[in-house]
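> Just model20.pdb, nothing more (PDB, C-alpha atoms):
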ATOM      1  CA  MET T   1      59.165  44.379 172.724  1.00  0.00           C
ATOM      2  CA  ARG T   2      60.702  45.315 176.035  1.00  0.00           C
ATOM      3  CA  ARG T   3      64.033  47.104 176.058  1.00  0.00           C
ATOM      4  CA  LYS T   4      65.707  44.145 177.776  1.00  0.00           C
ATOM      5  CA  HIS T   5      64.595  41.773 174.998  1.00  0.00           C
ATOM      6  CA  GLY T   6      65.850  44.226 172.390  1.00  0.00           C
ATOM      7  CA  LYS T   7      69.246  44.348 174.071  1.00  0.00           C
ATOM      8  CA  THR T   8      69.416  40.551 174.174  1.00  0.00           C
ATOM      9  CA  LEU T   9      68.502  40.348 170.482  1.00  0.00           C
ATOM     10  CA  ALA T  10      71.165  42.949 169.635  1.00  0.00           C
ATOM     11  CA  LEU T  11      73.751  40.951 171.607  1.00  0.00           C
ATOM     12  CA  ILE T  12      72.855  37.746 169.770  1.00  0.00           C
ATOM     13  CA  PHE T  13      73.362  39.420 166.384  1.00  0.00           C
ATOM     14  CA  SER T  14      76.438  41.461 167.349  1.00  0.00           C
ATOM     15  CA  ARG T  15      79.913  40.794 165.958  1.00  0.00           C
ATOM     16  CA  PRO T  16      82.048  39.190 167.143  1.00  0.00           C
ATOM     17  CA  VAL T  17      79.719  36.557 168.568  1.00  0.00           C
ATOM     18  CA  PRO T  18      79.506  37.259 172.297  1.00  0.00           C
ATOM     19  CA  SER T  19      79.558  34.795 175.143  1.00  0.00           C
ATOM     20  CA  GLY T  20      78.096  35.181 178.591  1.00  0.00           C
ATOM     21  CA  ILE T  21      74.493  36.020 177.735  1.00  0.00           C
ATOM     22  CA  PRO T  22      72.347  34.563 180.527  1.00  0.00           C
ATOM     23  CA  TRP T  23      70.244  31.679 179.186  1.00  0.00           C
ATOM     24  CA  ARG T  24      67.156  32.982 180.992  1.00  0.00           C
ATOM     25  CA  ASP T  25      67.422  36.217 178.953  1.00  0.00           C
ATOM     26  CA  ILE T  26      67.600  34.266 175.690  1.00  0.00           C
ATOM     27  CA  GLU T  27      64.673  32.070 176.682  1.00  0.00           C
ATOM     28  CA  ALA T  28      62.639  35.135 177.726  1.00  0.00           C
ATOM     29  CA  LEU T  29      63.363  36.766 174.341  1.00  0.00           C
ATOM     30  CA  LEU T  30      62.255  33.662 172.469  1.00  0.00           C
ATOM     31  CA  LYS T  31      59.028  33.516 174.482  1.00  0.00           C
ATOM     32  CA  GLU T  32      58.432  37.211 173.786  1.00  0.00           C
ATOM     33  CA  LEU T  33      58.776  36.443 170.066  1.00  0.00           C
ATOM     34  CA  GLY T  34      56.038  33.808 170.447  1.00  0.00           C
ATOM     35  CA  ALA T  35      58.095  30.664 170.933  1.00  0.00           C
ATOM     36  CA  GLU T  36      56.727  27.578 172.628  1.00  0.00           C
ATOM     37  CA  VAL T  37      59.407  26.109 174.887  1.00  0.00           C
ATOM     38  CA  SER T  38      59.372  22.425 175.841  1.00  0.00           C
ATOM     39  CA  GLU T  39      61.752  20.412 177.967  1.00  0.00           C
ATOM     40  CA  ARG T  40      63.549  17.539 176.252  1.00  0.00           C
ATOM     41  CA  GLU T  41      65.986  14.886 177.438  1.00  0.00           C
ATOM     42  CA  GLY T  42      68.874  16.101 179.565  1.00  0.00           C
ATOM     43  CA  SER T  43      69.708  19.723 178.923  1.00  0.00           C
ATOM     44  CA  ARG T  44      67.883  19.908 175.599  1.00  0.00           C
ATOM     45  CA  VAL T  45      65.158  22.473 175.083  1.00  0.00           C
ATOM     46  CA  GLY T  46      62.681  22.353 172.202  1.00  0.00           C
ATOM     47  CA  ILE T  47      61.790  25.710 170.707  1.00  0.00           C
ATOM     48  CA  ARG T  48      58.906  26.093 168.255  1.00  0.00           C
ATOM     49  CA  LEU T  49      59.023  29.530 166.672  1.00  0.00           C
ATOM     50  CA  PHE T  50      57.418  30.795 163.444  1.00  0.00           C
ATOM     51  CA  GLY T  51      56.311  27.257 162.578  1.00  0.00           C
ATOM     52  CA  GLU T  52      59.836  25.841 162.857  1.00  0.00           C
ATOM     53  CA  GLN T  53      61.033  23.398 165.515  1.00  0.00           C
ATOM     54  CA  ARG T  54      64.617  23.698 166.811  1.00  0.00           C
ATOM     55  CA  VAL T  55      66.411  21.974 169.663  1.00  0.00           C
ATOM     56  CA  PHE T  56      69.038  23.800 171.706  1.00  0.00           C
ATOM     57  CA  HIS T  57      71.166  22.751 174.638  1.00  0.00           C
ATOM     58  CA  ARG T  58      70.620  24.702 177.838  1.00  0.00           C
ATOM     59  CA  PRO T  59      74.041  25.609 179.253  1.00  0.00           C
ATOM     60  CA  HIS T  60      75.128  23.796 182.397  1.00  0.00           C
ATOM     61  CA  PRO T  61      76.526  23.891 185.019  1.00  0.00           C
ATOM     62  CA  SER T  62      76.948  27.562 184.181  1.00  0.00           C
ATOM     63  CA  LEU T  63      73.776  29.509 183.422  1.00  0.00           C
ATOM     64  CA  VAL T  64      75.371  31.657 180.703  1.00  0.00           C
ATOM     65  CA  THR T  65      75.822  30.754 177.062  1.00  0.00           C
ATOM     66  CA  ASP T  66      79.128  30.269 175.321  1.00  0.00           C
ATOM     67  CA  LYS T  67      79.932  31.570 171.823  1.00  0.00           C
ATOM     68  CA  GLY T  68      78.903  28.312 170.149  1.00  0.00           C
ATOM     69  CA  ALA T  69      75.466  28.326 171.766  1.00  0.00           C
ATOM     70  CA  VAL T  70      74.891  31.984 170.852  1.00  0.00           C
ATOM     71  CA  ALA T  71      75.912  31.266 167.240  1.00  0.00           C
ATOM     72  CA  SER T  72      73.507  28.298 167.148  1.00  0.00           C
ATOM     73  CA  ILE T  73      70.621  30.426 168.394  1.00  0.00           C
ATOM     74  CA  LYS T  74      71.528  33.214 165.966  1.00  0.00           C
ATOM     75  CA  ASN T  75      71.524  30.763 163.044  1.00  0.00           C
ATOM     76  CA  GLY T  76      68.214  29.284 164.217  1.00  0.00           C
ATOM     77  CA  LEU T  77      66.640  32.736 164.323  1.00  0.00           C
ATOM     78  CA  LYS T  78      67.943  33.592 160.857  1.00  0.00           C
ATOM     79  CA  LYS T  79      66.461  30.426 159.356  1.00  0.00           C
ATOM     80  CA  THR T  80      63.066  30.902 160.994  1.00  0.00           C
ATOM     81  CA  GLY T  81      62.756  34.634 160.518  1.00  0.00           C
TER
END
Show me this structure written as structure tokens.


Amino acid sequence: MRRKHGKTLALIFSRPVPSGIPWRDIEALLKELGAEVSEREGSRVGIRLFGEQRVFHRPHPSLVTDKGAVASIKNGLKKTG
């Protein structure tokens, strides 16, 4: 795993839950972990990882995630890992 992906993963699991992680970094990490990413309606993104399907909302108009989105991704990774 590249250093950048490791840093993103560490940010996702850090306490308190951070905000401001660029969505492209999170999506790149998920792809590095083997996720299949598919576009859904609106800002929804389907992520299939470790045999589990999850749907997340891509942040907009800003391109960085808020605390709620980071917590959602963190919980999704815990359940699939």

> Just want the 10 Å neighbourhood of T:Leu11, counted on only C-alpha atoms, with same-chain residues fewer than 4 positions away dropped. Output as an NGL selection string.

:T and (5-7 or 15-19 or 21 or 26 or 70 or 74)

> Between T:Leu29, T:Val37, T:Val45, T:Met1, which has the minimum distance to T:Leu77 (counting only C-alpha atoms)?

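Of T:Leu29, T:Val37, T:Val45, T:Met1, the one nearest T:Leu77 is T:Leu29, counting only C-alpha atoms.
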
> Can you list, as JSON, numbers by chain, every protein, DNA or RNA residue that comes within 10 Å of T:Gly76 when you count only C-alpha atoms, leaving out same-chain residues fewer than 5 positions away?

{"T": [47, 49, 52, 53, 54, 55, 56, 70, 71, 81]}

> Have a look at T:Gly42, T:Gly68, T:Glu27, T:Glu32 and name the one nearest to T:Arg3; count all atoms listed in the file.

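Using all atoms listed in the file, the shortest distance to T:Arg3 belongs to T:Glu32.
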
> Given 8 Å on each side, where is the centre and what are the edge lengths in Å to one decimal of the axis-aligned box enclosing the listed atoms of stretch 30-38 of chain T, as lines of an AutoDock Vina configuration file?


center_x = 59.1
center_y = 29.8
center_z = 173.0
size_x = 22.2
size_y = 30.8
size_z = 21.8

> To one decimal in Å, tell me the separation between atom CA of T:Phe13 and atom CA of T:Lys78.

9.7 Å

> To verify the selection step, state as a PDB file with C-alpha atoms, in the coordinates of the input which residues the PyMOL selection byres ((chain T and resi 65) around 7) yields on this input.


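Output saved as out-v4.pdb:
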ATOM      1  CA  SER T  19      79.558  34.795 175.143  1.00  0.00           C
ATOM      2  CA  GLY T  20      78.096  35.181 178.591  1.00  0.00           C
ATOM      3  CA  ILE T  21      74.493  36.020 177.735  1.00  0.00           C
ATOM      4  CA  PRO T  22      72.347  34.563 180.527  1.00  0.00           C
ATOM      5  CA  TRP T  23      70.244  31.679 179.186  1.00  0.00           C
ATOM      6  CA  PRO T  59      74.041  25.609 179.253  1.00  0.00           C
ATOM      7  CA  LEU T  63      73.776  29.509 183.422  1.00  0.00           C
ATOM      8  CA  VAL T  64      75.371  31.657 180.703  1.00  0.00           C
ATOM      9  CA  ASP T  66      79.128  30.269 175.321  1.00  0.00           C
ATOM     10  CA  LYS T  67      79.932  31.570 171.823  1.00  0.00           C
ATOM     11  CA  ALA T  69      75.466  28.326 171.766  1.00  0.00           C
ATOM     12  CA  VAL T  70      74.891  31.984 170.852  1.00  0.00           C
TER      13      VAL T  70
END

> Let me make sure I understand: among T:Pro61, T:Ser14, T:Gly46, T:Leu33, which one has the smallest atom-to-atom distance to T:Arg2 if we use all atoms listed in the file?

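Once distances to T:Arg2 are computed over all atoms listed in the file, the minimum belongs to T:Leu33.
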
> As an exercise, work out the distance from atom CA of T:Ser43 to atom CA of T:Leu9 in Å and give it to one decimal place.

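Separation of atom CA of T:Ser43 and atom CA of T:Leu9: 22.3 Å.
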
> Find, counting all atoms listed in the file, the residue in T:Ser72, T:His57, T:Lys4, T:Ser62 that gets nearest to T:Ser38.

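Using all atoms listed in the file, T:Ser38 sits closest to T:His57.
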
> Quick one, how far is atom CA of T:Arg40 from atom CA of T:Ala28?

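Between atom CA of T:Arg40 and atom CA of T:Ala28 the gap works out to 17.7 Å.
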
> Pick the closest to T:Arg48 from T:Leu30, T:Asp25, T:His60, T:Ala10: which is it, counting all atoms listed in the file?

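With all atoms listed in the file as the atom set, the closest residue is T:Leu30.
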